[in-house]
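What follows is one structure encoded as structure tokens, with my remarks underneath.
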Amino acid sequence: MILFSIDELFKNHAENLALTWLAGQTTGHREIVLKSDQHLANIGYMNHIHPHQIQIIGFYEITYLERLDKNEYQDYLKKLFEKENLVTIIVGDNHEVPADLLKAAENQHIPLFHSDLSGENLINYLHINLPHLLSPRHTLHGVFMDVFGMGVLIMGDSGTGKSELALELVSRGHRLIADDAPEFSRIAPNTISGSCPFGMNAFIEVRGLGILNVQALFGESATKKDKYLRLIVYLEQMTTERLQKIDRLQGDSRVRKVIGVDIPEIYLPVAPGRNLAVLLECAVRNHSAKMQDYNAADDFCERQRQAMYKNLKKNYAQ
């Protein structure tokens with residue numbers, strides 16, 4: 001179970017929901033209670049019989065209220081606001097808030113918001129984003145990047161150059177999501193989302209330079225708020241013996257479980273003179289190709305087999 005206040009909802013989602021706070025500003029501490037098996041039931045269109053904690057009032061709900069006679073209208077509002085489960089109301093569709101509804105919310109100390117978005121968009125956004133608060137969270141040591149639109153976690157022992165690689169990738173047009181301790185949550189059975197806690201995604205530590213603000217250095221487009229984790233690249237300073245064990249065709253890859261989800265992991269050897277930024281970019285492009293059922297090693301082997309067959313056939317013909 002997760003508790004979060006109306007103040008937190010407004011602070012973190014007001015921009016995306018296009019919210020204007022019209023009534024009940026003194027009761028922003030009121031809490032929404034999210035349960036893992038009932039989070040979708042917390043949000044819905046206006047209903048005083050089976051009330052939602054977050055009630056959405058759109059064009060059709062306003063039209064319904066306007067068609068009621070005065071006594072029915074007041075009775076409906078009374079029943080709506082007397083429900084203990086009600087925490088907040090959002091009037092959507094950029095519809096003007098009825099004066100009686102606004103007055104009732106103020107008198108009952110219920111936070112009431114106005115939004116330009118449609119009721120459907122409000123509900124869809126809340127259904128998608130509120131479950132994040134219920135998701136199990138896990139912190140991994142590394143740098144989380146958006147490379148060619150793919151969420152890539154760069155991991156490795158201390159001193160392998162993770163932050164330096166991330167900085168070079170940013171300079172090449174890719175985006176930083178989180179340095180050092182990105183936080184991951186499972187938002188669907190096979191989907192892991194990663195972000196930077198506390199809104200610190202603009203900062204990165206580089207040895208010798210200290211803390212850098214990549215937004216200040218490279219512009220607003222140098223960072224991204226969150227991304228799905230699709231690939232892990234592990235930087236490793238390998239011994240000669242370890243290097244010799246790497247598969248020359250398929251490379252060194254395996255699977256790592258992150259919050260119960262299998263994430264492909266590629267081991268990238270670190271050595272003087274190797275351009276890790278280019279290698280990581282190629283690793284991402286190659287992984288993207290594999291996701292589309294193309295494997296370069298398999299293609300290479302098949303072409304080699306065909307070439308050998310043609311050569312053998314030619315020799316027999318002579």
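So you can find residues: chains in the structure tokens are A, B, ... in the order shown, residues in each start at 1, and ligands are numbered from 1 in order.
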
Practice item. Please identify all polymer residues within 12 Å of A:Met155, counting only C-alpha atoms, omitting same-chain residues fewer than 2 positions from it, and present them as a VMD selection string. Key: chain A and resid 140 to 145 152 to 153 157 to 163 165 to 166 179 to 182 231 to 236 256 265 to 268

If you keep C-alpha atoms, can you produce a file of those selected residues as a PDB file, in the first residue's frame?
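Wrote part31.pdb, looks like this:
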ATOM      1  CA  LEU A 140      21.793  -0.507  -9.583  1.00  0.00           C
ATOM      2  CA  HIS A 141      25.270   0.997  -9.636  1.00  0.00           C
ATOM      3  CA  GLY A 142      25.986   2.399 -13.086  1.00  0.00           C
ATOM      4  CA  VAL A 143      25.084   5.103 -15.590  1.00  0.00           C
ATOM      5  CA  PHE A 144      21.711   4.912 -17.330  1.00  0.00           C
ATOM      6  CA  MET A 145      21.650   6.375 -20.845  1.00  0.00           C
ATOM      7  CA  VAL A 152      21.169   1.301 -21.807  1.00  0.00           C
ATOM      8  CA  LEU A 153      22.682   0.758 -18.365  1.00  0.00           C
ATOM      9  CA  ASP A 157      33.888  -1.966 -11.524  1.00  0.00           C
ATOM     10  CA  SER A 158      35.047   1.346 -10.111  1.00  0.00           C
ATOM     11  CA  GLY A 159      37.639   2.989 -12.362  1.00  0.00           C
ATOM     12  CA  THR A 160      36.565   1.329 -15.624  1.00  0.00           C
ATOM     13  CA  GLY A 161      35.447   4.667 -17.069  1.00  0.00           C
ATOM     14  CA  LYS A 162      31.656   4.503 -16.909  1.00  0.00           C
ATOM     15  CA  SER A 163      31.149   8.228 -16.351  1.00  0.00           C
ATOM     16  CA  LEU A 165      32.045   6.961 -21.488  1.00  0.00           C
ATOM     17  CA  ALA A 166      28.675   8.475 -20.588  1.00  0.00           C
ATOM     18  CA  ASP A 179      24.491   8.705 -13.032  1.00  0.00           C
ATOM     19  CA  ASP A 180      25.822   6.393 -10.327  1.00  0.00           C
ATOM     20  CA  ALA A 181      22.556   5.068  -8.803  1.00  0.00           C
ATOM     21  CA  PRO A 182      19.651   4.877 -11.274  1.00  0.00           C
ATOM     22  CA  LEU A 231      20.258  -3.486 -22.534  1.00  0.00           C
ATOM     23  CA  ILE A 232      23.103  -3.649 -20.001  1.00  0.00           C
ATOM     24  CA  VAL A 233      26.700  -3.037 -21.123  1.00  0.00           C
ATOM     25  CA  TYR A 234      29.278  -4.163 -18.576  1.00  0.00           C
ATOM     26  CA  LEU A 235      32.763  -2.644 -18.858  1.00  0.00           C
ATOM     27  CA  GLU A 236      35.456  -5.098 -17.790  1.00  0.00           C
ATOM     28  CA  ARG A 256      20.831 -10.560 -16.042  1.00  0.00           C
ATOM     29  CA  GLU A 265      23.895  -8.013 -20.905  1.00  0.00           C
ATOM     30  CA  ILE A 266      26.984  -7.494 -23.063  1.00  0.00           C
ATOM     31  CA  TYR A 267      30.515  -7.578 -21.644  1.00  0.00           C
ATOM     32  CA  LEU A 268      32.768  -4.992 -23.280  1.00  0.00           C
TER      33      LEU A 268
END

Practice item. Enumerate, as an MDAnalysis selection string, the complete set of residues in stretch 114-292 of chain A that a backbone-based DSSP assignment places in strand (DSSP E or B). Key: chainID A and resid 114:115 137:139 143:147 150:156 175:178 183:188 191:195 203:206 210:213 223 226:236 247 251 253:258 261:269

Practice item. For A:Leu229, work out the shell of residues within 7 Å, counting only C-alpha atoms and skipping chain neighbours fewer than 4 positions away, then give it as a ChimeraX atom specification. Key: /A:151-152,192-194

Selection above as a file: C-alpha atoms, as a JSON list (two decimals), in the first residue's frame:
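Printed below is part-v2.json as written:
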[["chain", "number", "residue", "atom", "x", "y", "z"],
["A", 151, "GLY", "CA", 17.61, 2.53, -22.51],
["A", 152, "VAL", "CA", 21.17, 1.30, -21.81],
["A", 192, "ILE", "CA", 11.52, -2.24, -16.46],
["A", 193, "SER", "CA", 11.53, 1.56, -16.30],
["A", 194, "GLY", "CA", 14.57, 3.47, -15.05]]

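Among the candidate residues A:Pro189, A:Glu120, A:Gly149, A:Asn12, the one lying nearest to A:Asp262 is A:Pro189, with distances computed using only C-alpha atoms.
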
Check your understanding: Can you list, as a VMD selection string, every protein, DNA or RNA residue that comes within 8 Å of stretch 47-62 of chain A when you count only C-alpha atoms, leaving out same-chain residues fewer than 2 positions away?
Key -> chain A and resid 32 41 to 45 64 to 66 76 79 to 80 83 85 to 93 95 118 to 119 122 to 123

Writer output for current selection, C-alpha atoms, as a PDB file, in the first residue's frame:
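Saved to part-v9.pdb:
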ATOM      1  CA  ILE A  32      -4.656   9.037  -1.825  1.00  0.00           C
ATOM      2  CA  ALA A  41     -10.420   1.545  -8.967  1.00  0.00           C
ATOM      3  CA  ASN A  42      -8.969   4.700  -7.434  1.00  0.00           C
ATOM      4  CA  ILE A  43      -9.629   6.755 -10.580  1.00  0.00           C
ATOM      5  CA  GLY A  44     -12.788   7.138 -12.631  1.00  0.00           C
ATOM      6  CA  TYR A  45     -15.658   9.286 -13.823  1.00  0.00           C
ATOM      7  CA  TYR A  64     -25.890  15.339 -16.858  1.00  0.00           C
ATOM      8  CA  LEU A  65     -25.711  17.675 -13.859  1.00  0.00           C
ATOM      9  CA  GLU A  66     -27.095  20.595 -15.858  1.00  0.00           C
ATOM     10  CA  TYR A  76     -26.472  14.719  -6.061  1.00  0.00           C
ATOM     11  CA  LYS A  79     -24.216  12.576  -1.880  1.00  0.00           C
ATOM     12  CA  LEU A  80     -21.008  13.077  -3.870  1.00  0.00           C
ATOM     13  CA  LYS A  83     -18.440  10.036   0.640  1.00  0.00           C
ATOM     14  CA  ASN A  85     -13.555   7.824  -0.048  1.00  0.00           C
ATOM     15  CA  LEU A  86     -13.552  11.021  -2.127  1.00  0.00           C
ATOM     16  CA  VAL A  87     -10.144  12.708  -2.048  1.00  0.00           C
ATOM     17  CA  THR A  88     -10.117  15.056  -5.043  1.00  0.00           C
ATOM     18  CA  ILE A  89     -12.063  16.103  -8.150  1.00  0.00           C
ATOM     19  CA  ILE A  90     -10.711  17.049 -11.572  1.00  0.00           C
ATOM     20  CA  VAL A  91     -12.956  18.833 -14.060  1.00  0.00           C
ATOM     21  CA  GLY A  92     -11.656  18.111 -17.556  1.00  0.00           C
ATOM     22  CA  ASP A  93     -12.478  18.835 -21.215  1.00  0.00           C
ATOM     23  CA  HIS A  95     -15.104  22.842 -19.302  1.00  0.00           C
ATOM     24  CA  SER A 118     -10.297  15.362 -21.879  1.00  0.00           C
ATOM     25  CA  GLY A 119     -11.622  13.078 -19.169  1.00  0.00           C
ATOM     26  CA  LEU A 122      -6.843  12.298 -17.646  1.00  0.00           C
ATOM     27  CA  ILE A 123      -7.891   8.772 -16.672  1.00  0.00           C
TER      28      ILE A 123
END
